[in-house]
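For reference, the structure is listed below as structure tokens.
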Amino acid sequence: MFSKEELKRINTNFWEGFKLYMKGTKSSNGKRINWLNYPTEIKFIYLRLESDNKGAKVCFDIQHKHEELRAIVYEQMTELKVVLENTLCEDTQWLGDHYLLDKKVSRIQWEINNLNFYNEKDHIKIYEFFKKTLVKFDVFYQDYKDILIALTN
């Protein structure tokens, strides 16, 4: 088991390393981007990066307090399913009702297993997975975000 200080060090080193790994990688629209805080431009939609001792995930979370609006946005994403999956070329998990702590969200996620966040030797493989998935997702999102923005206004 790791001490609290060591966990903090591992966490800080990992995310700082990922920032450096992504430095210079621009969005498909040519703009600089903060990949750790992906700008969805919609208040209740988040792109989250998660990693633990089992693997890593890139998660597209629709987290609206009104279930009806969350369901509408998720349904729109399912209508774009073929395009999204063809763009990412990755196995995609579609979770219409997913619980994130105590909140119900709709989640679309991509994951890689058998990597360990706490093993520094696995960091580069996690970075590669995150980068590949984020860059491909960004291509899709830049093309279709206006539909989601219009839907939520």
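Just so we're on the same page: first chain in the structure tokens is A, next is B, and so on; residues restart at 1 for each chain, and ligands are numbered from 1 in the order they show up.
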**Request:** For range 88-101 of chain A, work out the shell of residues within 7 Å, counting only C-alpha atoms and skipping chain neighbours fewer than 4 positions away, then give it as a list of chain:residue names.
**Result:** A:Leu84, A:Val105, A:Ser106, A:Arg107, A:Ile108, A:Gln109, A:Trp110, A:Thr133, A:Lys136, A:Phe137
Restricting it to N, CA, C and O atoms, dump the selection as a PDB file, in the first residue's frame.
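This went into out28.pdb:
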```pdb
ATOM      1  N   LEU A  84     -19.272   8.017 -34.800  1.00  0.00           N
ATOM      2  CA  LEU A  84     -18.351   8.077 -33.666  1.00  0.00           C
ATOM      3  C   LEU A  84     -17.476   6.829 -33.608  1.00  0.00           C
ATOM      4  O   LEU A  84     -16.249   6.924 -33.484  1.00  0.00           O
ATOM      5  N   VAL A 105     -25.669   9.575 -14.684  1.00  0.00           N
ATOM      6  CA  VAL A 105     -25.157  10.192 -15.902  1.00  0.00           C
ATOM      7  C   VAL A 105     -25.361   9.214 -17.045  1.00  0.00           C
ATOM      8  O   VAL A 105     -25.614   8.034 -16.833  1.00  0.00           O
ATOM      9  N   SER A 106     -25.240   9.721 -18.247  1.00  0.00           N
ATOM     10  CA  SER A 106     -25.132   8.864 -19.421  1.00  0.00           C
ATOM     11  C   SER A 106     -23.680   8.941 -19.844  1.00  0.00           C
ATOM     12  O   SER A 106     -23.103  10.027 -19.909  1.00  0.00           O
ATOM     13  N   ARG A 107     -23.093   7.777 -20.129  1.00  0.00           N
ATOM     14  CA  ARG A 107     -21.659   7.732 -20.384  1.00  0.00           C
ATOM     15  C   ARG A 107     -21.370   6.922 -21.641  1.00  0.00           C
ATOM     16  O   ARG A 107     -21.940   5.866 -21.857  1.00  0.00           O
ATOM     17  N   ILE A 108     -20.453   7.451 -22.424  1.00  0.00           N
ATOM     18  CA  ILE A 108     -19.879   6.722 -23.548  1.00  0.00           C
ATOM     19  C   ILE A 108     -18.399   6.624 -23.203  1.00  0.00           C
ATOM     20  O   ILE A 108     -17.774   7.639 -22.881  1.00  0.00           O
ATOM     21  N   GLN A 109     -17.846   5.411 -23.248  1.00  0.00           N
ATOM     22  CA  GLN A 109     -16.458   5.285 -22.798  1.00  0.00           C
ATOM     23  C   GLN A 109     -15.654   4.324 -23.654  1.00  0.00           C
ATOM     24  O   GLN A 109     -16.192   3.431 -24.287  1.00  0.00           O
ATOM     25  N   TRP A 110     -14.360   4.597 -23.627  1.00  0.00           N
ATOM     26  CA  TRP A 110     -13.366   3.766 -24.293  1.00  0.00           C
ATOM     27  C   TRP A 110     -12.355   3.388 -23.231  1.00  0.00           C
ATOM     28  O   TRP A 110     -11.959   4.234 -22.433  1.00  0.00           O
ATOM     29  N   THR A 133      -7.020   8.183 -28.296  1.00  0.00           N
ATOM     30  CA  THR A 133      -8.470   8.302 -28.136  1.00  0.00           C
ATOM     31  C   THR A 133      -8.913   9.759 -28.152  1.00  0.00           C
ATOM     32  O   THR A 133      -9.895  10.107 -28.820  1.00  0.00           O
ATOM     33  N   LYS A 136      -8.656  11.331 -31.767  1.00  0.00           N
ATOM     34  CA  LYS A 136      -9.724  10.832 -32.640  1.00  0.00           C
ATOM     35  C   LYS A 136     -11.083  11.360 -32.198  1.00  0.00           C
ATOM     36  O   LYS A 136     -11.914  11.736 -33.023  1.00  0.00           O
ATOM     37  N   PHE A 137     -11.315  11.395 -30.868  1.00  0.00           N
ATOM     38  CA  PHE A 137     -12.575  11.951 -30.366  1.00  0.00           C
ATOM     39  C   PHE A 137     -12.710  13.406 -30.779  1.00  0.00           C
ATOM     40  O   PHE A 137     -13.789  13.855 -31.177  1.00  0.00           O
TER      41      PHE A 137
END
```
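Excluding Tyr118 in chain A itself and any same-chain residue fewer than 2 positions from it, the protein and nucleic acid residues within 8 Å of it, counting only C-alpha atoms, are Ile10, Asp52, Asn53, Asn116 and Glu120 of chain A.
Remark: for Glu68 in chain A, the closest of the candidate residues A:Met1, A:Thr152, A:Asn86, A:Phe129 is A:Thr152 (distances computed over only C-alpha atoms).
Comparing the minimum interatomic distances between Phe130 in chain A and each of A:Leu148, A:Lys54, A:Glu6, A:Tyr21, counting only C-alpha atoms, we find that A:Tyr21 sits nearest.
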**Item:** Per-residue DSSP, range 3-142 of chain A, filtered to helix (DSSP H, G or I), as a ChimeraX atom specification
**Value:** /A:4-22,35-37,67-79,81-88,120-142
Which range 85-143 of chain A residues have any atom within 12 Å of an atom of range 31-36 of chain A, and for each, what is the nearest pair of atoms with distance in Å to one decimal, counting only C-alpha atoms, rows sorted by chain and number, as a tab-separated table?
```
residue	atom	partner	partner_atom	distance
A:Tyr127	CA	A:Trp35	CA	11.5
A:Phe130	CA	A:Trp35	CA	9.5
A:Lys131	CA	A:Trp35	CA	8.8
A:Lys132	CA	A:Trp35	CA	11.8
A:Thr133	CA	A:Trp35	CA	11.1
A:Leu134	CA	A:Trp35	CA	7.7
A:Val135	CA	A:Trp35	CA	9.2
A:Phe137	CA	A:Trp35	CA	11.3
A:Asp138	CA	A:Trp35	CA	9.8
A:Gln142	CA	A:Lys31	CA	11.2
```
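Across the model, the gap from CA of Ile42 in chain A to CA of Leu151 in chain A is 10.3 Å.
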**Request:** Mind listing the strand (DSSP E) residues of chain A, per DSSP on the backbone, as a PyMOL selection string?
**Result:** chain A and resi 45-51+55-62+93-100+103-113
